[in-house]
Amino acid sequence: MTASEFDRNQILRQALLPGAGCPPLAELVDAQFAGTATPAAEALRAHAAACPACAAEFALAGAFDASPRSDAEAQEIAWVAGQVQLPAIATTAPMTPMTPVAPVAPLAPLASLAPTPPQMARVLPMSEMRAKRSRAARQPGEMSLWNRWAAAALVVVGLGFAFEWAHRSLAPALPDRSDASISDVVRSGEVLLDSPFGVVAATTAAGVEQLPPFSWRAVAGAASYRLEVRDVAGDLLWQGSSTTTALAAPPDLLAKLETLVTYRWNVTALDAAASAVAHSAPASFRIEPPAN
Amino acid sequence: METIAGWSDEEIVRAARAAQPDPDLAARHLDVLFRRYQTRVAAWCLRISGRREEAADLAQEVFVRVYERLDTFRFESSFATWLYLVTRSVTINRSISNRRRDADSIDDEHFLEPTAPGPSVEEQVGKELLVQQLRTAIAGDLEPLEARILHLHFVDELTLATIDQLLGLENKSGARAYLVSAKRKLQRSFQTSKTTARTANSKAGKDSGLPRDSQGELS
């Protein structure tokens with residue numbers, strides 16, 4: 001953008017700004033969200049109808065209240081909502097003691113957020129909200145998500161019976177694994193992440209920002225853990241490994257991190273043969289800039 | 001006895017504050033409150049970012065900010081309004097900072113570019129006059145949706161893709177079509193006003209009287 005274009009856009013921006021007679025944004029949004037048509041709300045609506053700036057904010061606030069526009073969007077929204085760890089419960093959840101880690105520089109007190117056991121997010125009863133939104137977005141006569149799952153389950157069960165019949169009647173020579181020990185079966189588990197999560201404070205020691213150590217819960221059968229830190233685009237910033245359940249952030253990772261930017265991390269538990277036995281769901285954190 | 005599910009948002013905030021000596025109880029109250037808005041915030045973040053992984057991070061950031069700043073809620077508006085304003089602020093600022101970090105230009109629309117060689121609009125009238133003229137043209141010549149999209153793009157600095165998502169625009173070119181249409185209308189409006197000004201000046205046989213600097217530019 002040239003300087004001339006920049007000037008033009010600035011002039012246009014100035015022309016689009018709210019005027020002296022425009023109400024505060026909170027009043028405008030209150031009117032938009034008001035369930036009943038009070039005289040004050042109606043007056044604000046009338047103002048917005050004649051004022052491009054307020055009409056734009058009115059329309060924007062309306063988007064906050066909008067229902068999903070399709071089943072696909074409803075599913076995306078439900079997925080996003082399901083990822084959120086609500087901080088109110090998270091801050092008061094009982095914590096298991098963290099495993100000691102290699103010493104790091106002293107940390108500034110964390111903001112109001114304590115490390116969060118991720119399982120708190122999984123007990124959130126989002127199923128009702130998902131079902132409600134799904135019903136609202138569904139067209140008449142369309143199968144519900146539940147019915148689709150039920151139909152899929154019936155198909156799977158049917159295929160199972162067919163396979164069993166084929167196995168017994170057509171392949172008697174196949175080795176019988178019915179007596180296999182349960183210990184032979186490695187189930188995919190989950191690694192529960194403790195910290196860092198949410199907003200974390202950073203201190204400055206010799207010009208190097210410090211992070212709380214990455215920590216997670218032990219997984220039965222794990223001989224080591226692989227930790228990955230990525231940016232929101234999914235690009236790998238750093239990968240480390242540990243035989244304990246914690247790992248301090250090394251300087252080369254700290255050099256890549258910026259304050260007020262969200263990063264994600266996850267842990268994979270590995271057995272003695274370096275095969276994955278459990279994965280964590282990704283957790284997010286961002287670094288608050290040091291207080292001046 | 002009415003359960004917490006039947007309480008208003010504001011009643012829950014008050015109850016959570018009153019329950020501060022019992023952090024678990026306060027947290028349970030707030031958890032009920034936050035769950036009410038979890039899906040709305042998720043939807044908003046998805047529409048702002050366009051990518052679900054980024055939306056999840058944004059939504060997380062919103063709830064952390066809401067939790068941190070809950071003490072600043074003074075019941076001067078509804079809780080829904082307050083939460084919306086926090087959400088709006090966090091998400092739009094994040095979106096802008098990400099774009100700036102990526103060195104993306106917010107605007108590549110070449111807005112108000114002169115259609116023909118010659119004196120620019122700024123050379124015809126002073127900046128304040130230009131702003132006033134633009135306001136009149138925006139209010140008088142543009143369709144309401146065109147004016148809204150101009151505002152969202154140039155004032156709130158939302159990308160055209162985000163505006164498409166937030167406003168649910170389903171036409172082929174989305175917000176871009178409205179922006180192009182608005183541009184043409186404003187340019188037409190200025191061409192008309194320039195012609196009118198030239199005619200008036202030639203009839204009066206004198207200069208416009210606007211102050212000029214030594215290079216002949218408008219000051």
# chains A, B, ... in the order shown; residues from 1 in each chain; ligands from 1
>>> residues_around(residues="B:Thr3", least_positions_apart="6", cutoff="12 Å", atoms="only C-alpha atoms", output="PDB file with N, CA and C atoms, in the first residue's frame")
ATOM      1  N   GLU B  11     -27.133 -12.678  38.127  1.00  0.00           N
ATOM      2  CA  GLU B  11     -27.322 -13.309  39.437  1.00  0.00           C
ATOM      3  C   GLU B  11     -26.189 -14.294  39.728  1.00  0.00           C
ATOM      4  N   ILE B  12     -25.762 -14.992  38.694  1.00  0.00           N
ATOM      5  CA  ILE B  12     -24.673 -15.958  38.899  1.00  0.00           C
ATOM      6  C   ILE B  12     -23.367 -15.235  39.236  1.00  0.00           C
ATOM      7  N   HIS B  29     -20.222 -21.943  40.204  1.00  0.00           N
ATOM      8  CA  HIS B  29     -21.134 -20.927  39.671  1.00  0.00           C
ATOM      9  C   HIS B  29     -20.632 -20.419  38.316  1.00  0.00           C
ATOM     10  N   VAL B  32     -21.005 -22.764  35.389  1.00  0.00           N
ATOM     11  CA  VAL B  32     -22.348 -22.763  34.791  1.00  0.00           C
ATOM     12  C   VAL B  32     -22.485 -21.568  33.846  1.00  0.00           C
TER      13      VAL B  32
END
>>> interface_residues(of="chain A", to="chain B", cutoff="7 Å", atoms="only C-alpha atoms", output="PyMOL selection string")
chain A and resi 1+5+8-9+11-17+26+29-30+52-53+55-56+60+63-65+76-78+80-81+83-89+92+112+198+232+262+284
>>> residues_around(residues="A:Ser275", least_positions_apart="5", cutoff="12 Å", atoms="only C-alpha atoms", output="PyMOL selection string")
chain A and resi 186+188+221-226+268-270
>>> write_last_selection(atoms="C-alpha atoms", output="mmCIF file, in the first residue's frame")
data_model
loop_
_atom_site.group_PDB
_atom_site.id
_atom_site.type_symbol
_atom_site.label_atom_id
_atom_site.label_comp_id
_atom_site.auth_asym_id
_atom_site.auth_seq_id
_atom_site.Cartn_x
_atom_site.Cartn_y
_atom_site.Cartn_z
ATOM 1 C CA VAL A 186 -1.895 -52.485 24.085
ATOM 2 C CA SER A 188 -4.244 -46.502 23.079
ATOM 3 C CA GLY A 221 3.996 -48.896 30.648
ATOM 4 C CA ALA A 222 5.719 -45.761 29.384
ATOM 5 C CA ALA A 223 9.502 -45.814 29.352
ATOM 6 C CA SER A 224 9.903 -42.299 27.997
ATOM 7 C CA TYR A 225 7.924 -39.371 26.702
ATOM 8 C CA ARG A 226 8.250 -37.265 23.585
ATOM 9 C CA THR A 268 3.436 -38.956 23.402
ATOM 10 C CA ALA A 269 4.212 -41.780 25.819
ATOM 11 C CA LEU A 270 6.630 -44.359 24.403
#
